[in-house]
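*Asks:* Enclosed is the structure file model12.txt (compact mmCIF, C-alpha atoms and all ligand atoms).
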```
# COMPACT_ATOMS: atom_id res chain seq x y z
CA GLN A 1 0.00 0.00 0.00
CA GLU A 2 1.77 3.20 -1.14
CA TYR A 3 0.60 6.23 0.80
CA THR A 4 1.46 9.86 0.34
CA ALA A 5 2.77 11.08 3.71
CA LEU A 6 1.96 14.77 4.02
CA LYS A 7 4.02 17.23 6.06
CA MET A 8 1.73 19.49 8.09
CA LYS A 9 3.91 22.03 9.91
CA VAL A 10 2.98 22.96 13.45
CA LYS A 11 2.16 26.67 13.74
CA GLU A 12 0.92 26.71 17.32
CA TRP A 13 0.76 23.90 19.90
CA SER A 14 -2.22 23.23 22.13
CA GLU A 15 -1.56 24.34 25.70
CA THR A 16 -1.19 20.77 26.99
CA ALA A 17 1.19 19.76 24.21
CA GLN A 18 3.24 22.91 24.74
CA LYS A 19 3.70 22.05 28.44
CA GLU A 20 4.51 18.41 27.72
CA LEU A 21 7.10 19.32 25.09
CA ASP A 22 8.80 22.04 27.13
CA GLY A 23 12.55 21.39 27.17
CA LYS A 24 12.31 18.37 24.87
CA LEU A 25 12.57 20.24 21.58
CA PRO A 26 14.56 23.30 20.48
CA ALA A 27 12.33 26.40 20.75
CA ASP A 28 12.48 26.98 16.98
CA ALA A 29 12.09 23.30 15.98
CA ASN A 30 10.30 22.49 12.72
CA VAL A 31 7.71 19.90 13.71
CA PHE A 32 5.30 18.20 11.28
CA PHE A 33 2.20 16.07 11.74
CA ILE A 34 2.42 13.29 9.14
CA PRO A 35 -0.96 12.03 7.89
CA ALA A 36 -0.88 9.13 5.41
CA THR A 37 -3.33 9.56 2.53
CA LEU A 38 -4.40 7.61 -0.56
CA ARG A 39 -6.05 10.72 -2.03
CA PRO A 40 -3.39 13.41 -2.60
CA GLU A 41 -5.65 15.03 -5.23
CA THR A 42 -8.12 15.99 -2.49
CA MET A 43 -5.65 18.01 -0.38
CA TYR A 44 -7.21 21.33 -1.51
CA GLY A 45 -10.21 20.48 0.65
CA GLN A 46 -8.49 19.78 3.96
CA THR A 47 -10.39 21.34 6.85
CA SER A 48 -8.70 19.77 9.90
CA CYS A 49 -6.47 16.83 10.84
CA PHE A 50 -7.49 13.91 13.06
CA VAL A 51 -5.75 11.96 15.79
CA GLY A 52 -7.16 9.17 17.94
CA PRO A 53 -7.67 10.77 21.39
CA THR A 54 -6.62 7.64 23.33
CA LEU A 55 -3.74 6.64 21.04
CA LYS A 56 -0.08 7.24 21.82
CA TYR A 57 1.92 9.48 19.51
CA GLY A 58 5.63 10.07 19.38
CA VAL A 59 7.68 13.08 18.34
CA PHE A 60 10.57 11.66 16.30
CA GLN A 61 13.72 13.46 15.23
CA CYS A 62 14.33 13.14 11.50
CA GLY A 63 17.52 15.01 10.64
CA SER A 64 16.90 18.68 11.44
CA GLU A 65 13.11 18.16 11.59
CA TYR A 66 10.62 16.40 13.87
CA PHE A 67 7.68 14.16 12.91
CA VAL A 68 4.52 13.44 14.91
CA CYS A 69 3.05 9.98 14.18
CA SER A 70 2.54 6.56 15.72
CA PRO A 71 5.70 4.76 16.91
CA ARG A 72 4.76 1.91 14.59
CA ALA A 73 4.81 4.20 11.55
CA ALA A 74 8.10 5.84 12.60
CA ARG A 75 9.65 2.38 12.84
CA ASN A 76 8.42 1.51 9.33
CA MET A 77 9.76 4.81 7.99
CA ALA A 78 13.15 4.10 9.53
CA TYR A 79 13.35 0.97 7.33
CA GLN A 80 12.39 2.92 4.19
CA GLY A 81 15.26 5.38 4.23
CA ILE A 82 13.09 8.23 5.48
CA PHE A 83 15.19 8.80 8.62
CA PRO A 84 18.90 9.61 8.04
CA GLU A 85 20.19 6.49 9.83
CA TRP A 86 18.79 3.08 8.76
CA GLY A 87 16.52 1.57 11.40
CA VAL A 88 16.98 4.48 13.84
CA PHE A 89 14.02 6.72 14.77
CA PRO A 90 14.91 8.80 17.85
CA GLN A 91 11.81 9.53 19.95
CA VAL A 92 12.09 12.79 21.88
CA ALA A 93 8.58 12.88 23.39
CA THR A 94 5.38 10.87 23.82
CA LEU A 95 1.89 12.38 23.88
CA LEU A 96 -1.67 11.11 23.93
CA GLY A 97 -3.82 12.14 20.99
CA LYS A 98 -6.12 14.13 23.25
CA GLU A 99 -3.19 16.30 24.38
CA LEU A 100 -2.62 17.36 20.77
CA ILE A 101 -6.18 18.59 20.15
CA GLY A 102 -6.41 22.26 19.24
CA THR A 103 -2.89 22.43 17.80
CA ILE A 104 -2.77 24.50 14.59
CA VAL A 105 -0.94 23.01 11.61
CA ASN A 106 -0.35 24.20 8.07
CA ALA A 107 -2.28 22.09 5.53
CA PRO A 108 -0.37 22.05 2.19
CA LEU A 109 -2.58 23.07 -0.78
CA SER A 110 -5.64 23.66 1.42
CA ILE A 111 -7.76 26.75 0.80
CA LEU A 112 -7.51 27.30 4.58
CA THR A 113 -4.12 28.98 4.30
CA GLU A 114 -4.13 30.17 7.90
CA GLY A 115 -3.89 26.53 9.01
CA VAL A 116 -6.22 23.85 10.37
CA ARG A 117 -6.79 22.33 13.81
CA ILE A 118 -5.91 18.92 15.17
CA LEU A 119 -9.23 17.32 16.17
CA PRO A 120 -10.28 13.98 17.72
CA MET A 121 -11.56 11.03 15.67
CA GLU A 122 -12.38 7.98 17.74
CA THR A 123 -12.19 5.57 14.79
CA VAL A 124 -8.54 6.28 13.90
CA LYS A 125 -6.64 3.00 13.94
CA ASP A 126 -3.18 2.57 15.39
CA THR A 127 -2.49 -0.32 13.01
CA LYS A 128 -2.79 1.58 9.73
CA GLY A 129 -0.94 4.46 8.12
CA THR A 130 0.57 6.84 10.65
CA ALA A 131 -2.48 7.16 12.97
CA VAL A 132 -2.73 10.77 11.75
CA VAL A 133 -5.55 11.36 9.23
CA THR A 134 -6.05 14.57 7.32
CA CYS A 135 -9.73 15.53 7.05
CA VAL A 136 -11.36 16.09 3.64
CA PRO A 137 -15.14 16.26 4.20
CA SER A 138 -15.96 16.74 0.50
CA ASP A 139 -14.65 13.32 -0.55
CA SER A 140 -14.26 11.12 2.53
CA PRO A 141 -17.52 9.87 4.10
CA ASP A 142 -15.69 9.14 7.39
CA ASP A 143 -14.38 12.71 7.50
CA TYR A 144 -17.79 14.15 6.62
CA ILE A 145 -19.71 12.32 9.35
CA THR A 146 -16.97 12.87 11.95
CA SER A 147 -16.88 16.60 11.18
CA LEU A 148 -20.67 16.79 11.44
CA ASP A 149 -20.57 15.02 14.80
CA LEU A 150 -17.75 17.26 16.09
CA ALA A 151 -19.57 20.42 15.00
CA LYS A 152 -22.84 19.29 16.61
CA LYS A 153 -21.23 18.26 19.90
CA ALA A 154 -18.32 20.69 20.02
CA GLU A 155 -18.73 21.37 23.71
CA TYR A 156 -18.80 17.67 24.58
CA TYR A 157 -15.57 17.17 22.65
CA GLY A 158 -13.94 20.20 24.29
CA ILE A 159 -13.38 21.99 21.01
CA GLN A 160 -14.71 25.11 19.30
CA LYS A 161 -17.27 24.63 16.54
CA GLU A 162 -15.36 27.04 14.26
CA TRP A 163 -12.34 24.69 14.36
CA VAL A 164 -14.30 22.08 12.37
CA HIS A 165 -15.04 24.25 9.28
CA PHE A 166 -18.12 22.21 8.47
CA ASP A 167 -20.28 24.98 7.04
CA ASP A 168 -18.78 25.68 3.65
CA ILE A 169 -17.21 22.52 2.28
CA LEU A 170 -15.18 23.09 -0.89
CA PRO A 171 -16.15 20.91 -3.88
CA ILE A 172 -12.97 19.53 -5.47
CA ILE A 173 -14.09 16.61 -7.61
CA SER A 174 -17.19 16.17 -9.74
CA THR A 175 -18.62 12.69 -10.43
CA PRO A 176 -21.59 11.62 -12.58
CA SER A 177 -23.32 9.58 -9.85
CA PHE A 178 -22.60 11.56 -6.67
CA GLY A 179 -22.24 15.16 -7.84
CA ASP A 180 -19.65 17.61 -6.47
CA LEU A 181 -19.75 16.58 -2.82
CA THR A 182 -19.40 12.81 -2.93
CA ALA A 183 -19.12 12.28 0.83
CA LYS A 184 -22.22 14.32 1.68
CA HIS A 185 -24.20 12.54 -1.03
CA LEU A 186 -23.21 9.07 0.20
CA VAL A 187 -23.70 9.84 3.90
CA GLU A 188 -27.19 11.12 3.14
CA THR A 189 -28.32 8.41 0.70
CA LEU A 190 -26.94 5.56 2.83
CA LYS A 191 -28.49 7.23 5.90
CA ILE A 192 -25.26 7.19 7.89
CA GLN A 193 -26.05 8.63 11.32
CA SER A 194 -22.79 8.48 13.23
CA PRO A 195 -19.03 7.90 12.86
CA LYS A 196 -19.70 4.50 14.45
CA ASP A 197 -21.85 3.20 11.55
CA THR A 198 -18.81 1.18 10.54
CA LYS A 199 -20.41 -1.13 8.00
CA LYS A 200 -22.22 1.58 6.06
CA LEU A 201 -19.11 3.77 6.18
CA GLU A 202 -17.04 0.96 4.70
CA GLU A 203 -19.55 0.68 1.85
CA ALA A 204 -19.56 4.46 1.35
CA LYS A 205 -15.77 4.55 1.25
CA GLU A 206 -15.61 1.81 -1.39
CA LYS A 207 -18.16 3.63 -3.53
CA ALA A 208 -16.42 6.98 -3.11
CA TYR A 209 -13.02 5.54 -4.06
CA LYS A 210 -14.35 3.80 -7.19
CA GLU A 211 -16.51 6.62 -8.48
CA GLY A 212 -13.89 9.27 -7.66
CA PHE A 213 -11.00 7.40 -9.24
CA TYR A 214 -12.64 6.07 -12.40
CA LYS A 215 -15.21 8.76 -13.13
CA GLY A 216 -14.13 11.85 -11.21
CA THR A 217 -12.99 15.12 -12.77
CA MET A 218 -11.04 17.79 -10.92
CA ILE A 219 -13.03 21.02 -10.55
CA TYR A 220 -10.49 22.84 -8.37
CA GLY A 221 -6.74 23.43 -8.29
CA ASP A 222 -3.85 23.32 -10.74
CA PHE A 223 -5.26 20.27 -12.55
CA LYS A 224 -8.82 21.51 -12.90
CA GLY A 225 -10.48 19.78 -15.88
CA LYS A 226 -8.26 16.69 -15.67
CA LYS A 227 -9.48 13.24 -14.73
CA VAL A 228 -8.79 12.20 -11.14
CA GLU A 229 -6.94 9.16 -12.46
CA ASP A 230 -4.37 11.51 -13.98
CA ALA A 231 -4.46 14.31 -11.42
CA LYS A 232 -3.71 11.97 -8.49
CA ASN A 233 -0.09 11.41 -9.50
CA LEU A 234 0.40 14.98 -10.69
CA VAL A 235 -0.62 16.41 -7.30
CA ARG A 236 1.46 13.81 -5.48
CA LYS A 237 4.52 14.65 -7.59
CA GLN A 238 4.01 18.38 -7.01
CA LEU A 239 3.78 17.90 -3.23
CA ILE A 240 6.90 15.72 -3.15
CA GLU A 241 8.92 18.09 -5.36
CA GLN A 242 8.00 21.00 -3.10
CA GLY A 243 9.16 19.07 -0.03
CA LEU A 244 5.62 18.97 1.35
CA ALA A 245 5.23 15.17 1.23
CA PHE A 246 7.07 11.88 0.78
CA GLY A 247 6.17 8.32 -0.18
CA TYR A 248 5.41 5.91 2.64
CA GLY A 249 4.78 2.21 2.05
CA GLU A 250 2.66 0.13 4.38
CA PRO A 251 4.35 -3.22 4.82
CA ASP A 252 1.76 -6.01 4.44
CA GLY A 253 1.24 -8.80 6.97
CA LYS A 254 3.25 -11.36 5.01
CA VAL A 255 6.37 -9.26 4.74
CA MET A 256 6.17 -8.40 8.44
CA SER A 257 5.94 -12.00 9.58
CA ARG A 258 8.62 -13.20 7.19
CA SER A 259 11.09 -10.67 8.56
CA GLY A 260 10.02 -11.45 12.13
C1 LIG A 301 -7.41 11.90 2.92
C2 LIG A 301 -8.58 11.38 2.22
C3 LIG A 301 -9.48 12.02 1.38
C4 LIG A 301 -8.74 10.00 2.44
C5 LIG A 301 -10.51 11.29 0.81
C6 LIG A 301 -9.75 9.24 1.89
C7 LIG A 301 -10.66 9.90 1.08
P1 LIG A 301 -7.94 2.67 3.41
O1 LIG A 301 -8.66 2.89 2.16
O2 LIG A 301 -8.74 1.92 4.43
O3 LIG A 301 -6.54 2.11 3.27
N1 LIG A 301 -6.74 6.76 7.06
C8 LIG A 301 -5.41 6.66 6.97
N2 LIG A 301 -4.88 6.12 8.07
C9 LIG A 301 -5.92 5.84 8.88
C10 LIG A 301 -6.02 5.28 10.18
N3 LIG A 301 -4.94 4.91 10.87
N4 LIG A 301 -7.26 5.14 10.73
C11 LIG A 301 -8.35 5.54 10.05
N5 LIG A 301 -8.30 6.10 8.82
C12 LIG A 301 -7.11 6.25 8.25
O4 LIG A 301 -7.76 4.08 4.08
C13 LIG A 301 -6.93 5.08 3.60
C14 LIG A 301 -7.59 6.38 3.94
O5 LIG A 301 -8.14 6.28 5.27
C15 LIG A 301 -6.61 7.52 3.95
O6 LIG A 301 -6.82 8.42 2.84
C16 LIG A 301 -7.05 8.31 5.18
O7 LIG A 301 -8.01 9.22 4.67
C17 LIG A 301 -7.69 7.32 6.07
F1 LIG A 301 -11.36 11.90 0.02
O8 LIG A 301 -6.73 10.75 3.39
B1 LIG A 301 -7.58 9.56 3.34
C18 LIG A 301 -13.22 7.49 -0.07
C19 LIG A 301 -12.05 7.91 0.77
N6 LIG A 301 -11.73 9.26 0.46
```
Take the structure I supplied and represent it as structure tokens, if you would.
Ligand code: ZZB

*Replies:*
Amino acid sequence: QEYTALKMKVKEWSETAQKELDGKLPADANVFFIPATLRPETMYGQTSCFVGPTLKYGVFQCGSEYFVCSPRAARNMAYQGIFPEWGVFPQVATLLGKELIGTIVNAPLSILTEGVRILPMETVKDTKGTAVVTCVPSDSPDDYITSLDLAKKAEYYGIQKEWVHFDDILPIISTPSFGDLTAKHLVETLKIQSPKDTKKLEEAKEKAYKEGFYKGTMIYGDFKGKKVEDAKNLVRKQLIEQGLAFGYGEPDGKVMSRSG
């Protein structure tokens, strides 16, 4: 599974993270949240970035920079030549996802140029990607329903409703069957009520991937007018060339067990 690992630079830490990190990082450190995505062409529509509130995250030193992701992902990266020394991924701090909430990060290519917030998503898995998930409510049904839930129950989640940016979702991709806002269309037609409707969300995701990839046309960004099939790699290449992303491969079960 080849992901695009995006570099979202920290602009301002949450108060709890700031306290926890005090003395562990240089004051002017360049720190990045690293979400793993299969949809680089949707990055224009990022509205926030999710972490699992009860999951453990590490801050890892990578040359002169620092990455925030799951320890599992950092380990994998260290065996893909992403860290300067093979197999070495120095961890300078550990934080719980909930301590990171409210942090402001820069979202490359997003229309929200002032940055987006780190928000909680209870369904983030520790066993996939980097355990950091960038939120694109126009094209990801999971992101759409989670954003809706966060906006409705902002107080319960200890966040501000404005952090969710749910009100004016940017259409990025047009498809014949689902229109310009694929995720909204699927959540509504499949009657998905909550981020915990796992089965329906799985079905929605499958449908969104297929329709988007094979029939989608870009209606926003540098590759407006192009088919998603073509734009996907063009956006990925652009992000990598600008130093805003890198390739990250998910080792599959077989490879893992063979190598012990
Ligand atoms: C942005 C994005 C925009 C995504 C979209 C999807 C979609 P898959 O298909 O199951 O392999 N993701 C990544 N890591 C995790 C995790 N640890 N826990 C939960 N979700 C995770 O999943 C890959 C996608 O699931 C990734 O691509 C990421 O969300 C999320 F418009 O990044 B994506 C129809 C999907 N559309």

*Asks:* At a cut-off of 6 Å, can you tabulate as a Markdown table every residue of chain A near ligand LIG 301 (chain A) together with its closest atom pair and the distance in Å to one decimal, using all atoms listed in the file and ordering rows by chain then number?

*Replies:*
```
| residue | atom | partner | partner_atom | distance |
| --- | --- | --- | --- | --- |
| A:Ala36 | CA | A:LIG301 | C8 | 5.4 |
| A:Thr37 | CA | A:LIG301 | O6 | 3.7 |
| A:Leu38 | CA | A:LIG301 | O6 | 4.3 |
| A:Arg39 | CA | A:LIG301 | C2 | 5.0 |
| A:Thr42 | CA | A:LIG301 | C3 | 5.7 |
| A:Val124 | CA | A:LIG301 | N4 | 3.6 |
| A:Lys125 | CA | A:LIG301 | N4 | 3.9 |
| A:Asp126 | CA | A:LIG301 | N3 | 5.4 |
| A:Lys128 | CA | A:LIG301 | N3 | 4.1 |
| A:Gly129 | CA | A:LIG301 | N2 | 4.3 |
| A:Thr130 | CA | A:LIG301 | N3 | 5.8 |
| A:Ala131 | CA | A:LIG301 | N3 | 3.9 |
| A:Val133 | CA | A:LIG301 | C8 | 5.2 |
| A:Thr134 | CA | A:LIG301 | C1 | 5.3 |
| A:Cys135 | CA | A:LIG301 | C1 | 6.0 |
| A:Val136 | CA | A:LIG301 | C3 | 5.0 |
| A:Asp139 | CA | A:LIG301 | F1 | 3.6 |
| A:Ser140 | CA | A:LIG301 | N6 | 3.8 |
| A:Lys205 | CA | A:LIG301 | C18 | 4.1 |
| A:Ala208 | CA | A:LIG301 | C18 | 4.4 |
| A:Tyr209 | CA | A:LIG301 | C18 | 4.4 |
```

*Asks:* Just C-alpha atoms for this one: save the residues we selected as an mmCIF file, in the frame of the given file.

*Replies:*
```cif
data_model
loop_
_atom_site.group_PDB
_atom_site.id
_atom_site.type_symbol
_atom_site.label_atom_id
_atom_site.label_comp_id
_atom_site.auth_asym_id
_atom_site.auth_seq_id
_atom_site.Cartn_x
_atom_site.Cartn_y
_atom_site.Cartn_z
ATOM 1 C CA ALA A 36 -0.880 9.130 5.410
ATOM 2 C CA THR A 37 -3.330 9.560 2.530
ATOM 3 C CA LEU A 38 -4.400 7.610 -0.560
ATOM 4 C CA ARG A 39 -6.050 10.720 -2.030
ATOM 5 C CA THR A 42 -8.120 15.990 -2.490
ATOM 6 C CA VAL A 124 -8.540 6.280 13.900
ATOM 7 C CA LYS A 125 -6.640 3.000 13.940
ATOM 8 C CA ASP A 126 -3.180 2.570 15.390
ATOM 9 C CA LYS A 128 -2.790 1.580 9.730
ATOM 10 C CA GLY A 129 -0.940 4.460 8.120
ATOM 11 C CA THR A 130 0.570 6.840 10.650
ATOM 12 C CA ALA A 131 -2.480 7.160 12.970
ATOM 13 C CA VAL A 133 -5.550 11.360 9.230
ATOM 14 C CA THR A 134 -6.050 14.570 7.320
ATOM 15 C CA CYS A 135 -9.730 15.530 7.050
ATOM 16 C CA VAL A 136 -11.360 16.090 3.640
ATOM 17 C CA ASP A 139 -14.650 13.320 -0.550
ATOM 18 C CA SER A 140 -14.260 11.120 2.530
ATOM 19 C CA LYS A 205 -15.770 4.550 1.250
ATOM 20 C CA ALA A 208 -16.420 6.980 -3.110
ATOM 21 C CA TYR A 209 -13.020 5.540 -4.060
#
```

*Asks:* Pick out the closest residue to Ile169 of chain A from this set: A:Ala154, A:Val51, A:Ala74, A:Leu148. Count all atoms listed in the file.

*Replies:*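 Of all the options, A:Leu148 lies closest to Ile169 of chain A.
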
*Asks:* Taking 4 positions as the minimum chain separation for residues in the same chain, which residues sit within 8 Å of segment 176-182 of chain A when counting only C-alpha atoms? Answer as an MDAnalysis selection string.

*Replies:* chainID A and resid 138:141 171:172 186 208 211 215:216

*Asks:* Hey, can you spit out that residue selection with C-alpha atoms as a PDB file, in the coordinates of the input?

*Replies:*
```
ATOM      1  CA  SER A 138     -15.960  16.740   0.500  1.00  0.00           C
ATOM      2  CA  ASP A 139     -14.650  13.320  -0.550  1.00  0.00           C
ATOM      3  CA  SER A 140     -14.260  11.120   2.530  1.00  0.00           C
ATOM      4  CA  PRO A 141     -17.520   9.870   4.100  1.00  0.00           C
ATOM      5  CA  PRO A 171     -16.150  20.910  -3.880  1.00  0.00           C
ATOM      6  CA  ILE A 172     -12.970  19.530  -5.470  1.00  0.00           C
ATOM      7  CA  LEU A 186     -23.210   9.070   0.200  1.00  0.00           C
ATOM      8  CA  ALA A 208     -16.420   6.980  -3.110  1.00  0.00           C
ATOM      9  CA  GLU A 211     -16.510   6.620  -8.480  1.00  0.00           C
ATOM     10  CA  LYS A 215     -15.210   8.760 -13.130  1.00  0.00           C
ATOM     11  CA  GLY A 216     -14.130  11.850 -11.210  1.00  0.00           C
TER      12      GLY A 216
END
```

*Asks:* Using all atoms listed in the file, which protein or nucleic acid residues come within 8 Å of segment 193-203 of chain A? Drop anything in the same chain fewer than 2 positions from it, and give the result as a ChimeraX atom specification.

*Replies:* /A:123,141-142,145-146,149,187,190-191,205-207

*Asks:* If we count all atoms listed in the file and set the cut-off at 6 Å, which residues sit around Phe32 of chain A, ignoring sequence neighbours fewer than 2 positions away in its own chain? Please answer as an MDAnalysis selection string.

*Replies:* chainID A and resid 7:10 67

*Asks:* Output segment 9-36 of chain A with N, CA and C atoms present, as a JSON list (two decimals), keeping the file's coordinate frame.

*Replies:*
```
[["chain", "number", "residue", "atom", "x", "y", "z"],
["A", 9, "LYS", "N", 3.03, 21.35, 8.95],
["A", 9, "LYS", "CA", 3.91, 22.03, 9.91],
["A", 9, "LYS", "C", 3.14, 22.64, 11.07],
["A", 10, "VAL", "N", 3.62, 22.39, 12.27],
["A", 10, "VAL", "CA", 2.98, 22.96, 13.45],
["A", 10, "VAL", "C", 3.21, 24.47, 13.49],
["A", 11, "LYS", "N", 2.09, 25.20, 13.63],
["A", 11, "LYS", "CA", 2.16, 26.67, 13.74],
["A", 11, "LYS", "C", 2.00, 27.10, 15.19],
["A", 12, "GLU", "N", 1.17, 26.37, 15.92],
["A", 12, "GLU", "CA", 0.92, 26.71, 17.32],
["A", 12, "GLU", "C", 0.44, 25.46, 18.06],
["A", 13, "TRP", "N", 1.13, 25.09, 19.12],
["A", 13, "TRP", "CA", 0.76, 23.90, 19.90],
["A", 13, "TRP", "C", -0.45, 24.18, 20.79],
["A", 14, "SER", "N", -1.19, 23.12, 21.09],
["A", 14, "SER", "CA", -2.22, 23.23, 22.13],
["A", 14, "SER", "C", -1.48, 23.49, 23.45],
["A", 15, "GLU", "N", -2.20, 24.02, 24.42],
["A", 15, "GLU", "CA", -1.56, 24.34, 25.70],
["A", 15, "GLU", "C", -0.95, 23.11, 26.36],
["A", 16, "THR", "N", -1.70, 21.99, 26.34],
["A", 16, "THR", "CA", -1.19, 20.77, 26.99],
["A", 16, "THR", "C", 0.04, 20.23, 26.27],
["A", 17, "ALA", "N", 0.03, 20.26, 24.95],
["A", 17, "ALA", "CA", 1.19, 19.76, 24.21],
["A", 17, "ALA", "C", 2.40, 20.65, 24.48],
["A", 18, "GLN", "N", 2.16, 21.94, 24.48],
["A", 18, "GLN", "CA", 3.24, 22.91, 24.74],
["A", 18, "GLN", "C", 3.95, 22.61, 26.07],
["A", 19, "LYS", "N", 3.14, 22.36, 27.10],
["A", 19, "LYS", "CA", 3.70, 22.05, 28.44],
["A", 19, "LYS", "C", 4.48, 20.74, 28.41],
["A", 20, "GLU", "N", 3.89, 19.74, 27.79],
["A", 20, "GLU", "CA", 4.51, 18.41, 27.72],
["A", 20, "GLU", "C", 5.83, 18.44, 26.96],
["A", 21, "LEU", "N", 5.91, 19.30, 25.95],
["A", 21, "LEU", "CA", 7.10, 19.32, 25.09],
["A", 21, "LEU", "C", 8.19, 20.26, 25.61],
["A", 22, "ASP", "N", 7.86, 21.04, 26.60],
["A", 22, "ASP", "CA", 8.80, 22.04, 27.13],
["A", 22, "ASP", "C", 10.15, 21.39, 27.48],
["A", 23, "GLY", "N", 11.21, 21.90, 26.89],
["A", 23, "GLY", "CA", 12.55, 21.39, 27.17],
["A", 23, "GLY", "C", 12.95, 20.17, 26.35],
["A", 24, "LYS", "N", 11.99, 19.58, 25.64],
["A", 24, "LYS", "CA", 12.31, 18.37, 24.87],
["A", 24, "LYS", "C", 12.66, 18.65, 23.41],
["A", 25, "LEU", "N", 12.32, 19.85, 22.97],
["A", 25, "LEU", "CA", 12.57, 20.24, 21.58],
["A", 25, "LEU", "C", 13.22, 21.62, 21.59],
["A", 26, "PRO", "N", 14.07, 21.93, 20.59],
["A", 26, "PRO", "CA", 14.56, 23.30, 20.48],
["A", 26, "PRO", "C", 13.35, 24.25, 20.29],
["A", 27, "ALA", "N", 13.46, 25.46, 20.80],
["A", 27, "ALA", "CA", 12.33, 26.40, 20.75],
["A", 27, "ALA", "C", 11.88, 26.66, 19.32],
["A", 28, "ASP", "N", 12.84, 26.65, 18.38],
["A", 28, "ASP", "CA", 12.48, 26.98, 16.98],
["A", 28, "ASP", "C", 12.38, 25.72, 16.11],
["A", 29, "ALA", "N", 12.14, 24.57, 16.73],
["A", 29, "ALA", "CA", 12.09, 23.30, 15.98],
["A", 29, "ALA", "C", 11.01, 23.31, 14.91],
["A", 30, "ASN", "N", 11.31, 22.70, 13.76],
["A", 30, "ASN", "CA", 10.30, 22.49, 12.72],
["A", 30, "ASN", "C", 9.67, 21.13, 12.95],
["A", 31, "VAL", "N", 8.40, 21.14, 13.39],
["A", 31, "VAL", "CA", 7.71, 19.90, 13.71],
["A", 31, "VAL", "C", 6.55, 19.72, 12.73],
["A", 32, "PHE", "N", 6.36, 18.48, 12.26],
["A", 32, "PHE", "CA", 5.30, 18.20, 11.28],
["A", 32, "PHE", "C", 4.42, 17.04, 11.74],
["A", 33, "PHE", "N", 3.11, 17.20, 11.65],
["A", 33, "PHE", "CA", 2.20, 16.07, 11.74],
["A", 33, "PHE", "C", 2.26, 15.38, 10.37],
["A", 34, "ILE", "N", 2.23, 14.03, 10.38],
["A", 34, "ILE", "CA", 2.42, 13.29, 9.14],
["A", 34, "ILE", "C", 1.21, 12.38, 8.84],
["A", 35, "PRO", "N", 0.14, 12.93, 8.28],
["A", 35, "PRO", "CA", -0.96, 12.03, 7.89],
["A", 35, "PRO", "C", -0.59, 11.22, 6.64],
["A", 36, "ALA", "N", -1.07, 9.98, 6.60],
["A", 36, "ALA", "CA", -0.88, 9.13, 5.41],
["A", 36, "ALA", "C", -2.19, 9.15, 4.62]]
```
